[in-house]
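Visitor: This is protein_31.csv (CSV, C-alpha atoms and all ligand atoms).
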```csv
chain,number,residue,atom,x,y,z
A,1,MET,CA,0.0,0.0,0.0
A,2,ILE,CA,1.3,3.5,-0.9
A,3,LYS,CA,0.6,6.6,1.2
A,4,GLU,CA,1.4,10.1,-0.2
A,5,MET,CA,2.3,13.0,2.0
A,6,ILE,CA,4.1,16.3,1.8
A,7,CYS,CA,7.2,16.8,4.0
A,8,ILE,CA,6.9,19.9,6.2
A,9,SER,CA,10.4,19.8,7.6
A,10,CYS,CA,11.4,22.7,5.3
A,11,PRO,CA,9.9,25.1,2.8
A,12,MET,CA,10.7,22.8,-0.2
A,13,GLY,CA,7.6,20.7,0.6
A,14,CYS,CA,8.7,17.5,-1.2
A,15,HIS,CA,6.0,15.1,-2.2
A,16,LEU,CA,6.7,11.8,-0.5
A,17,SER,CA,5.5,8.5,-1.6
A,18,CYS,CA,5.6,5.9,1.2
A,19,ASP,CA,5.3,2.1,0.7
A,20,ILE,CA,3.7,0.9,3.9
A,21,THR,CA,3.3,-2.7,2.8
A,22,ASP,CA,5.6,-3.6,5.7
A,23,MET,CA,5.4,-1.2,8.6
A,24,ASN,CA,8.7,-2.5,9.9
A,25,ASP,CA,10.4,-1.6,6.6
A,26,ILE,CA,8.7,1.6,5.3
A,27,LYS,CA,10.2,2.7,1.9
A,28,VAL,CA,10.1,6.4,1.1
A,29,THR,CA,10.7,8.1,-2.2
A,30,GLY,CA,10.4,11.6,-3.5
A,31,ASN,CA,12.5,13.1,-0.7
A,32,THR,CA,15.3,15.5,-1.6
A,33,CYS,CA,17.2,14.9,1.7
A,34,PRO,CA,17.3,12.3,4.5
A,35,ARG,CA,15.1,14.4,6.7
A,36,GLY,CA,12.2,13.5,4.4
A,37,VAL,CA,12.6,9.8,5.3
A,38,LEU,CA,12.7,10.6,9.0
A,39,TYR,CA,9.6,12.8,8.7
A,40,ALA,CA,7.6,10.2,6.8
A,41,LYS,CA,8.5,7.4,9.2
A,42,ASP,CA,7.7,9.5,12.2
A,43,GLU,CA,4.4,10.7,10.6
A,44,LEU,CA,3.3,7.2,9.9
A,45,THR,CA,4.3,5.6,13.2
A,46,GLN,CA,4.3,8.4,15.9
A,47,PRO,CA,3.2,11.8,14.5
A,48,LYS,CA,4.4,14.8,16.5
A,49,ARG,CA,3.7,18.5,16.4
A,50,ILE,CA,5.0,21.8,17.9
A,51,VAL,CA,2.1,23.2,19.9
A,52,THR,CA,1.4,26.9,20.1
A,53,GLY,CA,-1.2,28.5,22.4
A,54,SER,CA,-1.7,31.2,25.0
A,55,MET,CA,-1.9,31.6,28.8
A,56,ARG,CA,-3.6,34.1,31.0
A,57,VAL,CA,-1.3,36.6,32.8
A,58,VAL,CA,-1.6,38.1,36.3
A,59,GLY,CA,-0.2,41.5,36.9
A,60,GLY,CA,1.3,42.2,33.6
A,61,ASN,CA,1.0,44.9,30.9
A,62,LYS,CA,-0.8,42.4,28.7
A,63,ALA,CA,-3.5,39.9,29.6
A,64,MET,CA,-2.4,37.0,27.5
A,65,LEU,CA,1.0,35.4,26.9
A,66,SER,CA,1.8,33.4,23.7
A,67,VAL,CA,3.7,30.1,24.3
A,68,LYS,CA,4.9,27.2,22.3
A,69,THR,CA,6.4,23.8,23.1
A,70,SER,CA,10.2,23.6,23.1
A,71,ASN,CA,10.0,20.5,21.0
A,72,ALA,CA,7.3,18.5,19.1
A,73,ILE,CA,5.0,16.4,21.2
A,74,ASP,CA,2.9,13.4,20.2
A,75,LYS,CA,-0.1,14.6,18.1
A,76,HIS,CA,-2.6,12.8,20.3
A,77,LEU,CA,-1.5,15.0,23.3
A,78,ILE,CA,-2.3,18.4,21.5
A,79,PHE,CA,-5.8,18.9,23.0
A,80,ASP,CA,-4.8,17.9,26.5
A,81,SER,CA,-1.8,20.3,26.3
A,82,LEU,CA,-4.0,23.1,25.2
A,83,ARG,CA,-6.5,22.4,28.1
A,84,LEU,CA,-3.5,22.6,30.5
A,85,LEU,CA,-2.8,26.1,29.1
A,86,ASN,CA,-6.4,27.2,29.9
A,87,GLU,CA,-6.1,26.0,33.5
A,88,ILE,CA,-3.0,27.8,34.5
A,89,LYS,CA,-2.3,31.5,35.1
A,90,VAL,CA,1.2,32.9,35.1
A,91,ASN,CA,2.7,36.0,36.9
A,92,ALA,CA,4.5,38.8,35.1
A,93,PRO,CA,7.2,39.7,34.4
A,94,ILE,CA,7.9,37.1,31.7
A,95,HIS,CA,10.7,37.0,29.3
A,96,ILE,CA,11.0,35.3,25.9
A,97,GLY,CA,12.2,31.7,26.4
A,98,ASP,CA,11.1,31.5,30.1
A,99,VAL,CA,9.7,28.0,30.9
A,100,MET,CA,6.0,28.5,31.8
A,101,ILE,CA,5.1,24.8,32.2
A,102,GLU,CA,7.7,22.1,32.7
A,103,ASN,CA,7.5,18.5,31.4
A,104,VAL,CA,4.1,19.0,29.6
A,105,LEU,CA,2.0,15.8,30.3
A,106,GLY,CA,5.2,13.9,31.1
A,107,THR,CA,6.7,14.4,27.6
A,108,GLY,CA,9.9,16.0,28.9
A,109,VAL,CA,9.0,19.0,26.7
A,110,ASN,CA,8.3,22.5,28.2
A,111,PHE,CA,5.9,25.3,27.2
A,112,VAL,CA,8.1,28.4,26.8
A,113,ALA,CA,7.1,32.1,26.5
A,114,THR,CA,7.3,33.6,23.0
A,115,LYS,CA,6.5,37.1,24.2
A,116,GLU,CA,7.9,39.6,26.6
A,117,ILE,CA,5.4,40.8,29.3
A,118,LEU,CA,6.4,43.3,32.0
B,201,LIG,S1,12.7,16.0,2.1
B,201,LIG,FE1,14.3,17.4,2.8
B,201,LIG,S2,14.3,19.0,1.2
B,201,LIG,FE2,12.3,17.9,1.0
B,201,LIG,S3,10.9,19.1,2.3
B,201,LIG,FE3,11.7,17.4,3.6
B,201,LIG,S4,13.5,18.4,4.6
B,201,LIG,FE4,12.9,19.7,2.9
```
Rewrite the coordinates I just gave you, this time as C-alpha cells.
Ligand code: SF4
Guide:
Amino acid sequence: MIKEMICISCPMGCHLSCDITDMNDIKVTGNTCPRGVLYAKDELTQPKRIVTGSMRVVGGNKAMLSVKTSNAIDKHLIFDSLRLLNEIKVNAPIHIGDVMIENVLGTGVNFVATKEIL
C-alpha cells in the first residue's frame, strides 16, 4: 500500500511516496534529503507537532502570553496540552524563552514564552 504526503520539515515541501506494505520496513521516495525519510516514518508511526497557544497573565502589561512547546509532542496530546494552558495563570514579568510549564504531560518538553510581558 502506498501513502502520499508532503514533507513539512522545510519550505521545499517535497511530495513523498511511502510504501507501507511492511510497517517495519517503510520505503520512502520523493525526498530531496534524508530528513524527508525521517519525517515520513515519524508521521506514519508516531506523528508529532510543535504546539502553540496562549496563557492568562496576572499583573502584567498584557492579559495573554503566547507560548509554544520547546519540541514537538505526540499529536494525540495536543488537545490535553491546550487544556492545560487554559487551566494555569502565570505571573508577570515574563521574558521570551522563560519556561512556563515544565514537562508537559510527562513528555519531557516544556511550554516556553514567545512574548515579553512586563
Ligand atoms: S525532504 Fe528534505 S528538502 Fe524535501 S521538504 Fe523534507 S526536509 Fe525539505
Visitor: Return as number ranges by chain the residues of protein, DNA or RNA that approach ligand LIG 201 (chain B) to within 9 Å, with only C-alpha atoms and all ligand atoms taken into account.
Guide: A: 6-16, 30-40
Visitor: In Å, how far is it from atom CA of Asp42 of chain A to atom CA of Leu85 of chain A?
Guide: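 Atom CA of Leu85 of chain A lies at a distance of 25.9 Å from atom CA of Asp42 of chain A.
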Visitor: Have a look at A:Glu116, A:Phe111, A:Glu43, A:Glu87 and name the one nearest to Gly60 of chain A; count all atoms listed in the file.
Guide: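 Of the candidates, the smallest distance to Gly60 of chain A is held by A:Glu116.
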Visitor: When you count only C-alpha atoms, which of these residues is closest to Asn24 of chain A: A:Glu4, A:Lys75, A:Thr45, A:Arg56?
Guide: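 Closest candidate: A:Thr45.
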Visitor: When you draw a straight line from atom CA of Val90 of chain A to atom CA of Gly108 of chain A, how long is it in Å?
Guide: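 About the pair atom CA of Val90 of chain A and atom CA of Gly108 of chain A: they are 20.0 Å apart.
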Visitor: How many Å separate atom CA of Leu77 of chain A from atom CA of Gln46 of chain A?
Guide: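 Between atom CA of Leu77 of chain A and atom CA of Gln46 of chain A the gap is 11.5 Å.
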Visitor: Residues near Val109 of chain A, anyone? I mean within 12 Å using only C-alpha atoms, not counting same-chain ones fewer than 5 positions away, as an MDAnalysis selection string.
Guide: chainID A and resid 48:51 68:74 77 81 99:104
Visitor: Using all atoms listed in the file, pick whichever of A:Pro93, A:Thr21, A:Asn110, A:Asp80 has the shortest atom-to-atom distance to Lys62 of chain A.
Guide: A:Pro93
Visitor: Tell me which of A:Asn91, A:Thr29, A:Leu105, A:Ser17 sits closest to Met64 of chain A, counting only C-alpha atoms.
Guide: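 Residue with the minimum atom-to-atom distance to Met64 of chain A: A:Asn91.
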Visitor: Between A:Ile2, A:Ile94, A:Val28, A:Leu118, which is the closest to Val67 of chain A once you count all atoms listed in the file?
Guide: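 For Val67 of chain A, the nearest of the given residues is A:Ile94.
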Visitor: Which protein, DNA or RNA residues have an atom at most 9 Å from (-1.4, 3.2, 8.5), counting all atoms listed in the file? List them as a ChimeraX atom specification.
Guide: /A:3,20,23,44-45
Visitor: I need the residue nearest Asn86 of chain A from this list: A:Gly106, A:Ile26, A:Gly53, A:Asn61. Use all atoms listed in the file for the distance.
Guide: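 Under the stated criterion, the closest residue is A:Gly53.
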Visitor: Could you add N, CA and C atoms to segment 11-26 of chain A and give me the result as a short mmCIF file (atom, residue, chain, number, x, y, z; two decimals), keeping the file's coordinate frame?
Guide:
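Written file, result04.cif:
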```
data_model
loop_
_atom_site.label_atom_id
_atom_site.label_comp_id
_atom_site.auth_asym_id
_atom_site.auth_seq_id
_atom_site.Cartn_x
_atom_site.Cartn_y
_atom_site.Cartn_z
N PRO A 11 10.77 24.46 3.77
CA PRO A 11 9.90 25.10 2.80
C PRO A 11 9.80 24.41 1.44
N MET A 12 10.72 23.50 1.12
CA MET A 12 10.70 22.80 -0.20
C MET A 12 9.41 22.02 -0.37
N GLY A 13 8.89 21.44 0.71
CA GLY A 13 7.60 20.70 0.60
C GLY A 13 7.65 19.54 -0.35
N CYS A 14 8.62 18.68 -0.25
CA CYS A 14 8.70 17.50 -1.20
C CYS A 14 7.51 16.62 -1.04
N HIS A 15 7.08 16.10 -2.18
CA HIS A 15 6.00 15.10 -2.20
C HIS A 15 6.57 13.75 -1.98
N LEU A 16 6.18 13.13 -0.89
CA LEU A 16 6.70 11.80 -0.50
C LEU A 16 5.76 10.73 -0.85
N SER A 17 6.30 9.64 -1.30
CA SER A 17 5.50 8.50 -1.60
C SER A 17 6.05 7.35 -0.64
N CYS A 18 5.17 6.80 0.20
CA CYS A 18 5.60 5.90 1.20
C CYS A 18 4.98 4.49 1.00
N ASP A 19 5.81 3.51 0.81
CA ASP A 19 5.30 2.10 0.70
C ASP A 19 5.22 1.55 2.09
N ILE A 20 3.95 1.37 2.56
CA ILE A 20 3.70 0.90 3.90
C ILE A 20 3.26 -0.55 3.95
N THR A 21 3.62 -1.29 2.90
CA THR A 21 3.30 -2.70 2.80
C THR A 21 3.78 -3.43 4.09
N ASP A 22 5.01 -3.09 4.47
CA ASP A 22 5.60 -3.60 5.70
C ASP A 22 5.94 -2.47 6.61
N MET A 23 5.16 -2.30 7.69
CA MET A 23 5.40 -1.20 8.60
C MET A 23 6.74 -1.20 9.29
N ASN A 24 7.37 -2.37 9.29
CA ASN A 24 8.70 -2.50 9.90
C ASN A 24 9.80 -2.10 8.88
N ASP A 25 9.41 -1.90 7.62
CA ASP A 25 10.40 -1.60 6.60
C ASP A 25 9.73 -0.60 5.58
N ILE A 26 9.39 0.60 6.08
CA ILE A 26 8.70 1.60 5.30
C ILE A 26 9.71 2.16 4.23
#
```
